[in-house]
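Data file: target.txt. Format and content: compact mmCIF, C-alpha atoms.
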# COMPACT_ATOMS: atom_id res chain seq x y z
CA MET H 1 124.01 82.63 169.16
CA ILE H 2 125.56 82.87 165.71
CA SER H 3 127.87 85.81 165.22
CA ILE H 4 128.40 87.28 161.76
CA SER H 5 131.32 89.55 161.13
CA VAL H 6 130.87 93.01 159.63
CA SER H 7 133.02 91.99 156.69
CA SER H 8 130.77 88.99 155.99
CA LEU H 9 127.69 91.20 156.01
CA PHE H 10 129.40 93.60 153.61
CA LEU H 11 130.30 90.81 151.19
CA ARG H 12 126.75 89.44 151.29
CA ALA H 13 125.28 92.89 150.69
CA GLN H 14 127.70 93.41 147.83
CA ALA H 15 126.75 90.07 146.32
CA CYS H 16 123.07 90.98 146.51
CA ASP H 17 123.75 94.19 144.60
CA ILE H 18 125.45 92.40 141.74
CA MET H 19 123.12 90.64 139.32
CA PRO H 20 124.47 87.33 137.99
CA SER H 21 125.88 87.68 134.48
CA TYR H 22 123.31 85.32 132.94
CA LYS H 23 120.43 87.38 134.37
CA THR H 24 121.95 90.58 133.03
CA LEU H 25 122.31 88.90 129.64
CA TYR H 26 118.66 87.81 129.74
CA LYS H 27 117.45 91.35 130.49
CA THR H 28 119.69 92.83 127.79
CA LEU H 29 118.60 90.42 125.07
CA ARG H 30 114.96 90.75 126.08
CA SER H 31 114.97 94.57 126.05
CA THR H 32 116.86 94.83 122.73
CA GLU H 33 115.08 91.87 121.09
CA PHE H 34 118.46 90.44 120.13
CA GLY H 35 119.69 93.76 118.77
CA CYS H 36 123.09 92.21 118.07
CA ILE H 37 121.62 89.72 115.57
CA SER H 38 121.36 90.88 111.95
CA PRO H 39 118.07 90.46 110.04
CA GLY H 40 117.44 87.07 108.44
CA PHE H 41 117.40 83.39 109.37
CA HIS H 42 119.94 82.17 111.90
CA GLU H 43 120.75 78.80 113.41
CA THR H 44 120.73 78.80 117.22
CA THR H 45 124.45 77.93 117.26
CA ASP H 46 125.15 81.04 115.16
CA VAL H 47 123.09 83.12 117.60
CA TYR H 48 125.19 81.76 120.48
CA GLU H 49 128.39 82.80 118.71
CA ARG H 50 127.14 86.30 117.92
CA VAL H 51 125.81 86.87 121.45
CA GLN H 52 129.08 85.67 122.96
CA ALA H 53 131.07 87.96 120.67
CA GLU H 54 128.87 90.95 121.60
CA TYR H 55 128.70 90.26 125.36
CA PRO H 56 131.81 88.24 126.32
CA ASP H 57 131.65 89.34 129.98
CA LEU H 58 128.09 88.08 130.32
CA CYS H 59 128.70 84.66 128.75
CA ASP H 60 130.42 82.77 131.55
CA ASP H 61 130.92 79.14 130.53
CA SER H 62 131.83 78.18 134.11
CA ILE H 63 128.27 78.73 135.31
CA ARG H 64 126.47 75.58 134.25
CA CYS H 65 122.75 75.18 133.72
CA ASP H 66 122.33 72.22 136.08
CA GLU H 67 123.89 74.24 138.90
CA VAL H 68 121.42 77.11 138.49
CA CYS H 69 118.06 75.64 137.52
CA GLY H 70 118.62 71.92 138.06
CA ASN H 71 117.04 70.81 134.77
CA GLY H 72 119.76 68.24 134.14
CA SER H 73 121.40 70.11 131.27
CA ASN H 74 125.13 70.65 131.44
CA GLN H 75 125.25 73.55 128.94
CA PRO H 76 126.38 76.98 130.11
CA GLU H 77 123.53 78.84 131.79
CA TRP H 78 123.94 81.85 129.47
CA LYS H 79 122.98 79.66 126.49
CA HIS H 80 119.91 78.51 128.40
CA ARG H 81 119.00 82.18 128.85
CA VAL H 82 119.40 82.82 125.12
CA ASP H 83 116.97 79.97 124.44
CA THR H 84 114.55 81.34 127.04
CA VAL H 85 114.57 84.85 125.56
CA GLN H 86 113.82 83.45 122.10
CA GLN H 87 110.82 81.55 123.44
CA ASP H 88 109.63 84.54 125.49
CA LEU H 89 109.80 86.91 122.53
CA LEU H 90 107.68 84.55 120.44
CA LYS H 91 104.80 85.38 122.79
CA LYS H 92 105.33 89.14 122.46
CA SER H 93 103.15 91.01 119.97
CA LYS H 94 105.10 92.51 117.05
CA SER H 95 108.36 90.91 118.19
CA ARG H 96 111.18 90.79 115.66
CA VAL H 97 111.89 87.17 116.66
CA GLN H 98 109.75 84.69 114.74
CA LYS H 99 109.67 80.94 114.33
CA LEU H 100 109.01 80.19 110.66
CA SER H 101 109.00 76.59 109.41
CA ASP H 102 112.01 75.05 111.15
CA GLY H 103 114.11 78.19 111.55
CA TRP H 104 114.45 81.30 113.69
CA PHE H 105 113.87 84.53 111.79
CA TYR H 106 114.97 87.94 113.03
CA ALA H 107 113.06 90.79 111.40
CA PRO H 108 114.77 94.12 110.59
CA HIS H 109 115.01 96.76 113.31
CA ASN H 110 112.72 99.79 113.01
CA THR H 111 111.15 98.40 109.83
CA PRO H 112 107.51 97.39 110.24
CA VAL H 113 106.79 93.96 108.75
CA GLU H 114 103.15 92.94 108.48
CA SER H 115 101.87 89.49 109.30
CA ALA H 116 100.77 87.54 106.25
CA PRO H 117 97.00 88.00 105.72
CA ASP H 118 94.57 85.10 105.61
CA THR H 119 93.85 85.77 101.93
CA ALA H 120 95.69 87.58 99.14
CA SER H 121 92.98 90.25 99.14
CA GLY H 122 94.35 91.36 102.50
CA LEU H 123 97.73 92.36 101.04
CA GLU H 124 98.30 96.12 101.14
CA VAL H 125 100.35 97.98 98.53
CA GLY H 126 103.52 99.44 100.02
CA ARG H 127 103.49 97.18 103.08
CA LYS H 128 106.40 94.86 103.85
CA TYR H 129 105.92 91.14 104.37
CA ASN H 130 108.11 88.20 105.25
CA ARG H 131 108.35 86.07 102.14
CA TRP H 132 109.05 82.95 104.18
CA GLU H 133 105.81 83.48 106.09
CA LEU H 134 103.92 84.03 102.82
CA HIS H 135 105.12 80.64 101.62
CA ASP H 136 104.29 79.01 104.95
CA ASP H 137 100.71 80.27 104.64
CA PHE H 138 100.07 80.09 100.90
CA GLY H 139 102.69 77.66 99.58
CA GLY H 140 104.67 78.02 96.37
CA GLN H 141 108.36 77.77 95.54
CA ARG H 142 110.45 79.60 98.15
CA TYR H 143 113.52 80.30 96.04
CA SER H 144 111.99 81.10 92.64
CA GLY H 145 111.13 84.45 91.12
CA ILE H 146 107.74 82.96 90.19
CA ALA H 147 105.84 81.03 92.87
CA THR H 148 102.74 79.00 92.08
CA PRO H 149 100.95 77.88 95.28
CA ALA H 150 99.32 74.52 94.66
CA ASP H 151 96.33 75.03 96.95
CA HIS H 152 95.51 78.64 96.08
CA PRO H 153 94.53 80.30 92.76
CA LEU H 154 97.54 82.61 92.93
CA VAL H 155 100.78 83.40 91.14
CA PHE H 156 103.37 85.33 93.15
CA ILE H 157 106.09 87.25 91.29
CA PHE H 158 109.22 88.53 93.05
CA THR H 159 111.46 91.15 91.49
CA GLY H 160 114.66 92.82 92.64
CA ASP H 161 118.16 93.95 91.74
CA ALA H 162 119.68 90.55 92.57
CA GLY H 163 118.15 89.09 89.41
CA GLU H 164 120.43 91.17 87.22
CA ALA H 165 123.26 88.71 87.92
CA TYR H 166 121.23 86.03 86.13
CA GLY H 167 120.25 88.10 83.12
CA TYR H 168 116.88 89.30 84.43
CA GLU H 169 115.89 92.85 83.55
CA ASP H 170 112.68 94.04 85.16
CA GLU H 171 111.40 97.59 84.84
CA PHE H 172 108.34 99.78 85.12
CA LEU H 173 107.57 101.46 81.79
CA PRO H 174 106.35 105.05 81.38
CA ASP H 175 102.82 103.82 80.61
CA ASP H 176 102.70 102.14 84.07
CA THR H 177 103.02 98.59 82.79
CA PHE H 178 105.63 96.32 84.35
CA LEU H 179 108.11 94.49 82.12
CA TYR H 180 109.06 91.28 83.89
CA THR H 181 111.69 88.80 82.73
CA GLY H 182 110.53 85.18 82.96
CA GLU H 183 112.31 82.32 84.69
CA GLY H 184 115.29 80.38 83.37
CA VAL H 185 118.87 81.27 84.29
CA GLU H 186 120.65 79.48 81.45
CA GLY H 187 119.84 79.07 77.75
CA ASP H 188 116.70 80.14 75.91
CA MET H 189 113.60 80.53 78.03
CA ALA H 190 110.58 78.34 77.34
CA MET H 191 106.89 78.95 77.92
CA GLU H 192 106.61 76.38 80.68
CA GLY H 193 106.56 76.21 84.48
CA GLY H 194 106.28 79.66 86.04
CA ASN H 195 106.36 81.35 82.64
CA ALA H 196 103.30 79.40 81.54
CA ALA H 197 101.61 80.23 84.84
CA ILE H 198 101.96 83.95 84.08
CA ARG H 199 100.88 83.56 80.47
CA HIS H 200 97.72 81.60 81.31
CA HIS H 201 96.80 82.95 84.77
CA GLN H 202 93.63 84.60 83.45
CA LYS H 203 92.41 81.41 81.79
CA ALA H 204 93.19 79.50 84.99
CA ASN H 205 91.33 82.16 87.00
CA GLU H 206 94.43 82.84 89.10
CA GLU H 207 95.41 86.21 90.57
CA LEU H 208 98.84 87.65 89.80
CA HIS H 209 100.57 89.50 92.64
CA VAL H 210 103.93 91.30 92.45
CA PHE H 211 106.42 91.80 95.28
CA GLU H 212 109.71 93.72 95.30
CA ASN H 213 112.72 92.52 97.28
CA THR H 214 114.23 94.85 99.87
CA GLU H 215 117.72 95.17 101.30
CA TYR H 216 116.71 92.77 104.08
CA PRO H 217 116.77 88.98 103.52
CA TRP H 218 113.31 87.57 102.80
CA ILE H 219 111.53 90.88 103.43
CA VAL H 220 109.51 92.00 100.40
CA THR H 221 107.32 94.99 99.59
CA TYR H 222 103.93 94.34 98.03
CA VAL H 223 103.65 96.25 94.74
CA GLY H 224 100.12 95.26 93.77
CA GLN H 225 97.92 92.97 91.69
CA PHE H 226 98.63 92.77 87.97
CA SER H 227 97.31 91.08 84.88
CA TYR H 228 99.04 89.59 81.84
CA ALA H 229 98.94 92.04 78.91
CA GLY H 230 101.33 90.34 76.46
CA HIS H 231 104.92 89.20 76.13
CA GLN H 232 107.93 89.65 73.90
CA SER H 233 111.20 87.90 73.20
CA ASP H 234 114.39 89.87 73.87
CA THR H 235 118.03 88.89 73.55
CA LEU H 236 119.59 89.03 77.03
CA PRO H 237 122.63 87.41 78.67
CA ASP H 238 122.12 84.40 80.93
CA LYS H 239 124.02 83.66 84.15
CA ASN H 240 127.08 82.67 82.08
CA ASP H 241 126.94 85.91 80.05
CA ASN H 242 125.90 83.95 76.97
CA TYR H 243 123.18 85.63 74.94
CA ARG H 244 119.86 83.83 74.82
CA GLU H 245 116.22 84.48 73.95
CA ALA H 246 114.46 85.69 77.07
CA ILE H 247 110.71 86.00 77.61
CA ARG H 248 109.65 89.39 78.96
CA PHE H 249 106.07 89.75 80.12
CA ARG H 250 104.11 92.99 80.00
CA LEU H 251 101.98 93.13 83.12
CA GLU H 252 99.28 95.73 83.55
CA PRO H 253 98.17 96.88 87.01
CA ILE H 254 94.63 95.98 87.96
CA GLY H 255 92.56 99.03 87.21
CA GLY H 256 94.34 99.74 83.94
CA THR H 257 96.89 102.35 83.00
CA GLU H 258 94.54 105.09 81.88
CA ILE H 259 91.82 107.20 83.46
CA GLU H 260 88.84 108.47 81.51
CA ILE H 261 87.59 111.99 82.18
CA GLU H 262 84.18 112.82 80.75
CA ASP H 263 84.62 116.57 80.44
CA GLY H 264 87.80 118.63 80.63
CA SER H 265 91.29 117.47 81.62
CA PRO H 266 93.15 116.58 84.84
CA GLY H 267 93.94 120.25 85.29
CA SER H 268 90.22 121.15 85.31
CA LEU H 269 89.35 118.75 88.15
CA SER H 270 89.22 119.70 91.82
CA ASP H 271 91.71 118.16 94.27
CA ALA H 272 89.04 115.79 95.55
CA GLU H 273 88.08 114.74 92.01
CA LEU H 274 91.71 114.14 91.10
CA PHE H 275 92.16 111.95 94.17
CA GLU H 276 88.97 110.01 93.43
CA LYS H 277 89.88 109.41 89.77
CA ALA H 278 93.41 108.27 90.54
CA LYS H 279 92.38 106.13 93.50
CA ALA H 280 89.63 104.40 91.54
CA SER H 281 92.18 103.18 89.00
CA SER H 282 94.94 102.22 91.42
CA PRO H 283 96.00 98.64 92.29
CA THR H 284 94.73 99.18 95.85
CA ASP H 285 91.11 99.72 94.86
CA PRO H 286 89.16 96.52 95.63
CA ASP H 287 86.98 96.80 92.53
CA PRO H 288 88.37 99.52 90.26
CA ALA H 289 86.13 98.60 87.33
CA SER H 290 83.06 99.38 89.41
CA THR H 291 83.91 103.06 89.81
CA THR H 292 82.26 105.41 87.34
CA GLY H 293 84.65 107.36 85.17
CA THR H 294 87.56 104.92 85.09
CA GLY H 295 88.75 102.59 82.38
CA ARG H 296 88.88 103.20 78.64
CA SER H 297 85.43 102.25 77.41
CA GLY H 298 83.52 105.53 77.84
CA SER H 299 83.08 108.53 75.58
CA GLY H 300 85.42 110.89 77.43
CA SER H 301 89.14 111.48 76.99
CA SER H 302 91.73 109.08 78.40
CA TYR H 303 94.77 110.19 80.37
CA SER H 304 97.71 108.31 81.80
CA ARG H 305 97.04 107.36 85.41
CA SER H 306 100.61 108.42 86.23
CA ASP H 307 99.88 111.90 84.90
CA VAL H 308 96.71 112.18 86.98
CA VAL H 309 98.51 111.03 90.13
CA LYS H 310 101.35 113.46 89.43
CA GLU H 311 98.88 116.29 88.89
CA PHE H 312 97.28 115.48 92.26
CA ALA H 313 100.59 115.46 94.17
CA LEU H 314 101.82 118.73 92.63
CA ARG H 315 98.44 120.44 93.04
CA ASP H 316 98.29 119.53 96.71
CA ALA H 317 101.84 120.82 97.33
CA ASP H 318 101.00 124.16 95.69
CA GLY H 319 104.62 125.00 94.96
CA VAL H 320 105.93 124.16 98.44
CA CYS H 321 108.16 121.14 99.17
CA GLN H 322 106.34 118.77 101.52
CA GLY H 323 109.65 117.60 102.90
CA CYS H 324 111.42 120.77 104.03
CA GLY H 325 108.54 123.25 103.74
CA GLU H 326 110.49 125.57 101.45
CA ALA H 327 109.22 127.03 98.19
CA ALA H 328 110.19 125.21 94.98
CA PRO H 329 113.78 126.17 94.05
CA PHE H 330 112.89 127.40 90.55
CA GLU H 331 110.20 127.49 87.87
CA ASP H 332 110.05 125.06 84.96
CA ALA H 333 109.75 125.96 81.26
CA GLN H 334 106.00 126.45 81.68
CA GLY H 335 106.53 128.87 84.55
CA GLU H 336 105.32 126.40 87.18
CA PRO H 337 107.13 125.76 90.50
CA PHE H 338 109.44 122.78 89.99
CA LEU H 339 108.90 119.88 92.40
CA GLU H 340 109.43 116.14 91.95
CA VAL H 341 106.96 113.38 92.76
CA HIS H 342 108.32 110.84 95.25
CA HIS H 343 106.87 107.34 95.66
CA LEU H 344 106.72 106.67 99.38
CA HIS H 345 106.65 102.89 99.41
CA ARG H 346 109.06 101.86 96.67
CA ARG H 347 112.80 102.12 96.24
CA SER H 348 112.45 102.92 92.57
CA ASP H 349 110.53 105.85 91.18
CA GLY H 350 108.47 104.01 88.69
CA GLY H 351 105.88 101.50 89.76
CA PRO H 352 102.10 101.68 89.59
CA ASP H 353 100.94 104.95 91.07
CA ASP H 354 98.49 105.49 93.88
CA PRO H 355 97.60 108.99 95.10
CA GLU H 356 98.02 107.89 98.72
CA ASN H 357 101.61 106.80 98.09
CA VAL H 358 103.04 109.90 96.41
CA ILE H 359 104.17 113.28 97.66
CA ALA H 360 105.78 116.32 96.01
CA VAL H 361 109.25 117.35 97.20
CA CYS H 362 112.10 119.54 96.02
CA PRO H 363 115.06 117.89 94.23
CA ASN H 364 117.22 118.20 97.34
CA CYS H 365 114.72 116.38 99.58
CA HIS H 366 114.16 113.79 96.86
CA ARG H 367 117.87 112.97 96.85
CA ARG H 368 117.92 113.06 100.64
CA VAL H 369 115.24 110.39 100.99
CA HIS H 370 116.95 108.09 98.47
CA TYR H 371 120.61 108.62 99.28
CA GLY H 372 120.78 110.34 102.68
CA ALA H 373 122.25 108.63 105.74
CA ALA H 374 118.86 108.93 107.46
CA GLY H 375 116.80 108.46 104.31
CA ASP H 376 114.52 105.80 105.80
CA ALA H 377 113.67 107.98 108.80
CA PHE H 378 112.98 110.94 106.50
CA ASN H 379 110.74 108.77 104.33
CA ARG H 380 108.72 107.82 107.43
CA GLU H 381 108.19 111.53 108.08
CA LEU H 382 106.94 111.96 104.51
CA ILE H 383 104.62 108.97 104.92
CA ALA H 384 103.12 110.60 108.02
CA THR H 385 102.64 113.86 106.11
CA ALA H 386 100.91 112.06 103.24
CA LYS H 387 98.73 110.06 105.64
CA HIS H 388 97.47 113.27 107.23
CA ARG H 389 96.80 114.72 103.77
CA ASN H 390 94.98 111.62 102.57
CA GLU H 391 92.56 111.64 105.49
CA SER H 392 90.94 114.80 104.13
CA PHE H 393 90.05 113.01 100.87
CA ARG H 394 88.40 109.94 102.38
Give the structure from this file in structure tokens form.
Amino acid sequence: MISISVSSLFLRAQACDIMPSYKTLYKTLRSTEFGCISPGFHETTDVYERVQAEYPDLCDDSIRCDEVCGNGSNQPEWKHRVDTVQQDLLKKSKSRVQKLSDGWFYAPHNTPVESAPDTASGLEVGRKYNRWELHDDFGGQRYSGIATPADHPLVFIFTGDAGEAYGYEDEFLPDDTFLYTGEGVEGDMAMEGGNAAIRHHQKANEELHVFENTEYPWIVTYVGQFSYAGHQSDTLPDKNDNYREAIRFRLEPIGGTEIEIEDGSPGSLSDAELFEKAKASSPTDPDPASTTGTGRSGSGSSYSRSDVVKEFALRDADGVCQGCGEAAPFEDAQGEPFLEVHHLHRRSDGGPDDPENVIAVCPNCHRRVHYGAAGDAFNRELIATAKHRNESFR
């Protein structure tokens, strides 16, 4: 008969209650989806270093892989668990861990990033996409502001604040056109390469799509489909702060910049009519030219699409902020309740308007969503409010 001391039983029971450090690490990384890793591309060795810095007590180098699982590897078992979690999360739907080209990409936390669609027609205005994945699927230059996929009739344009360091000045104009600075970081710009692709995209029967960079590496927001409407030459500094002649393209959103109303004005239309008119001329409409009453070729009066969208947002709010629910803080010079129109899916208040992507808020809430510590969370609340509103107009 084998006798086992009480103390031995206690030690065994205690050991059973304590999960090995590498298993605890696995569960932690799996449940947080590598919460300690910042958004962007990371080499596996960098991930090891960050995980070890975040969880030093769970990264025990003395426990070797070949002692635990017998696969012949002599690396620490905790590193093996890091590799296993990465592979496991690849199989999980909507995981932030992705394998793109030859690198590991970690998507932002709490920021929905859509999978790249099969065709460009599947892109949705206001949605965020991984630029690296777009290039994997469509092709085109990964590091250029203008990408020209060789196997698809597309031109992708990427805009963002980072370009200012190289003398690029992009802006949405009051008439809803987009002024985009061509490529070329040094010296005078020439109508070649990506610049020529923009200039001649209509002749080449290629679609022009615009994306805006976000604060997260490689994550971009889709702004919409545009069309070349002209270009100009402006004197701007290059990356060396030397002045040069820069090409600036005027791009017009698909659907045009004006809305034609047969009789009356935007103020005379019902809420549903305002929504229909603005939506028919927005970049999200699959065939805006097919909708009666849009464009500039009829016999009615033309109005800025921005004005129609603004009229819709303010009319729907009816003098009450759709952020805090309080009445407008004061009346404007015309005696109307003063509210501001906020664009839900863009960092800048300026791009092509869509009635589904705007909402009327008081100045305080407008500043809160742009500059508040929880601005992103507040904006998600506004998006939910607008989504509920929009359902009544479909």
Computed gap from CA of Leu344 (chain H) to CA of Asn357 (chain H) is 5.3 Å
List the neighbours of Arg81 (chain H) out to 9 Å using only C-alpha atoms; skip same-chain residues closer than 3 positions along the sequence, and give me the result as a PyMOL selection string. chain H and resi 22-23+25-26+77-78+84-86
Long-range neighbours of region 36-43 of chain H as a PyMOL selection string, 9 Å cut-off, only C-alpha atoms, 6 positions minimum in chain: chain H and resi 29+50-51+54+96+103-109+216-219
So that I can check the surroundings of Ser233 (chain H), please list as an mmCIF file with C-alpha atoms, in the coordinates of the input every protein, DNA and RNA residue that reaches within 12 Å of it, counting only C-alpha atoms and ignoring chain neighbours fewer than 5 positions away.
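File written: result_9.cif
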data_model
loop_
_atom_site.group_PDB
_atom_site.id
_atom_site.type_symbol
_atom_site.label_atom_id
_atom_site.label_comp_id
_atom_site.auth_asym_id
_atom_site.auth_seq_id
_atom_site.Cartn_x
_atom_site.Cartn_y
_atom_site.Cartn_z
ATOM 1 C CA LEU H 179 108.110 94.490 82.120
ATOM 2 C CA TYR H 180 109.060 91.280 83.890
ATOM 3 C CA THR H 181 111.690 88.800 82.730
ATOM 4 C CA GLY H 182 110.530 85.180 82.960
ATOM 5 C CA ASP H 188 116.700 80.140 75.910
ATOM 6 C CA MET H 189 113.600 80.530 78.030
ATOM 7 C CA ALA H 190 110.580 78.340 77.340
ATOM 8 C CA MET H 191 106.890 78.950 77.920
ATOM 9 C CA ARG H 244 119.860 83.830 74.820
ATOM 10 C CA GLU H 245 116.220 84.480 73.950
ATOM 11 C CA ALA H 246 114.460 85.690 77.070
ATOM 12 C CA ILE H 247 110.710 86.000 77.610
ATOM 13 C CA ARG H 248 109.650 89.390 78.960
ATOM 14 C CA PHE H 249 106.070 89.750 80.120
ATOM 15 C CA ARG H 250 104.110 92.990 80.000
#
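Interatomic distance, CA of Thr45 (chain H) to CA of Met19 (chain H): 25.5 Å.
Across the structure, CA of Phe226 (chain H) and CA of Pro253 (chain H) are spaced 4.2 Å apart.
Residue nearest Phe172 (chain H), chosen from H:Asp376, H:Glu212, H:Glu356, H:Asp46 and counting all atoms listed in the file: H:Glu212.
With all atoms listed in the file as the atoms that count, the residue of H:Ala229, H:Ala313, H:Leu236, H:Cys69 with the shortest distance to Asp170 (chain H) is H:Leu236.
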Here is a test: counting all atoms listed in the file, which residue of H:Ala197, H:Val320, H:Val125, H:Val155 is nearest to Val220 (chain H)? H:Val125
Determine the axis-aligned bounding box of all atoms of region 51-70 of chain H present in the file, pad each side by 5 Å, and express its centre and edge lengths in Å to one decimal place as JSON.
{"center_x": 124.9, "center_y": 81.4, "center_z": 129.8, "size_x": 23.8, "size_y": 29.0, "size_z": 28.2}
Using all atoms listed in the file, find the one residue out of H:Ile359, H:Lys79, H:Ser265, H:Glu276 that sits nearest to Lys310 (chain H). H:Ile359
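Distance annotation: of H:Leu173, H:Phe211, H:His200, H:Asn242, the residue with the minimal separation from Gly230 (chain H) is H:His200; atom set is only C-alpha atoms.
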If we draw a sphere of 10 Å around (102.5, 79.9, 99.9), which residues have at least one atom in it when counting all atoms listed in the file? Please report them as a ChimeraX atom specification. /H:131-142,147-152,154-156
Those same residues, written as a PDB file, keeping the file's coordinate frame with C-alpha atoms?
ATOM      1  CA  ARG H 131     108.350  86.070 102.140  1.00  0.00           C
ATOM      2  CA  TRP H 132     109.050  82.950 104.180  1.00  0.00           C
ATOM      3  CA  GLU H 133     105.810  83.480 106.090  1.00  0.00           C
ATOM      4  CA  LEU H 134     103.920  84.030 102.820  1.00  0.00           C
ATOM      5  CA  HIS H 135     105.120  80.640 101.620  1.00  0.00           C
ATOM      6  CA  ASP H 136     104.290  79.010 104.950  1.00  0.00           C
ATOM      7  CA  ASP H 137     100.710  80.270 104.640  1.00  0.00           C
ATOM      8  CA  PHE H 138     100.070  80.090 100.900  1.00  0.00           C
ATOM      9  CA  GLY H 139     102.690  77.660  99.580  1.00  0.00           C
ATOM     10  CA  GLY H 140     104.670  78.020  96.370  1.00  0.00           C
ATOM     11  CA  GLN H 141     108.360  77.770  95.540  1.00  0.00           C
ATOM     12  CA  ARG H 142     110.450  79.600  98.150  1.00  0.00           C
ATOM     13  CA  ALA H 147     105.840  81.030  92.870  1.00  0.00           C
ATOM     14  CA  THR H 148     102.740  79.000  92.080  1.00  0.00           C
ATOM     15  CA  PRO H 149     100.950  77.880  95.280  1.00  0.00           C
ATOM     16  CA  ALA H 150      99.320  74.520  94.660  1.00  0.00           C
ATOM     17  CA  ASP H 151      96.330  75.030  96.950  1.00  0.00           C
ATOM     18  CA  HIS H 152      95.510  78.640  96.080  1.00  0.00           C
ATOM     19  CA  LEU H 154      97.540  82.610  92.930  1.00  0.00           C
ATOM     20  CA  VAL H 155     100.780  83.400  91.140  1.00  0.00           C
ATOM     21  CA  PHE H 156     103.370  85.330  93.150  1.00  0.00           C
TER      22      PHE H 156
END
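The nearest approach to Gly193 (chain H) among the residues H:Glu215, H:Gly145, H:Ser306, H:Phe178, with all atoms listed in the file taken into account, belongs to H:Gly145.
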Within 10 Å of Leu274 (chain H), counting all atoms listed in the file, which residues qualify if same-chain residues fewer than 2 places away don't, as a list in words? Pro266, Gly267, Ser268, Leu269, Ser270, Asp271, Ala272, Glu276, Lys277, Ala278, Lys279, Ala280, Val308, Val309, Lys310, Glu311, Phe312, Ala313, Arg315, Pro355 and Phe393 of chain H
Might you pull out every residue within 7 Å of region 335-341 of chain H, with all atoms listed in the file counted and same-chain residues fewer than 2 positions away left off, and present them as a PyMOL selection string? chain H and resi 310+313+319+321+328-333+343+358-363
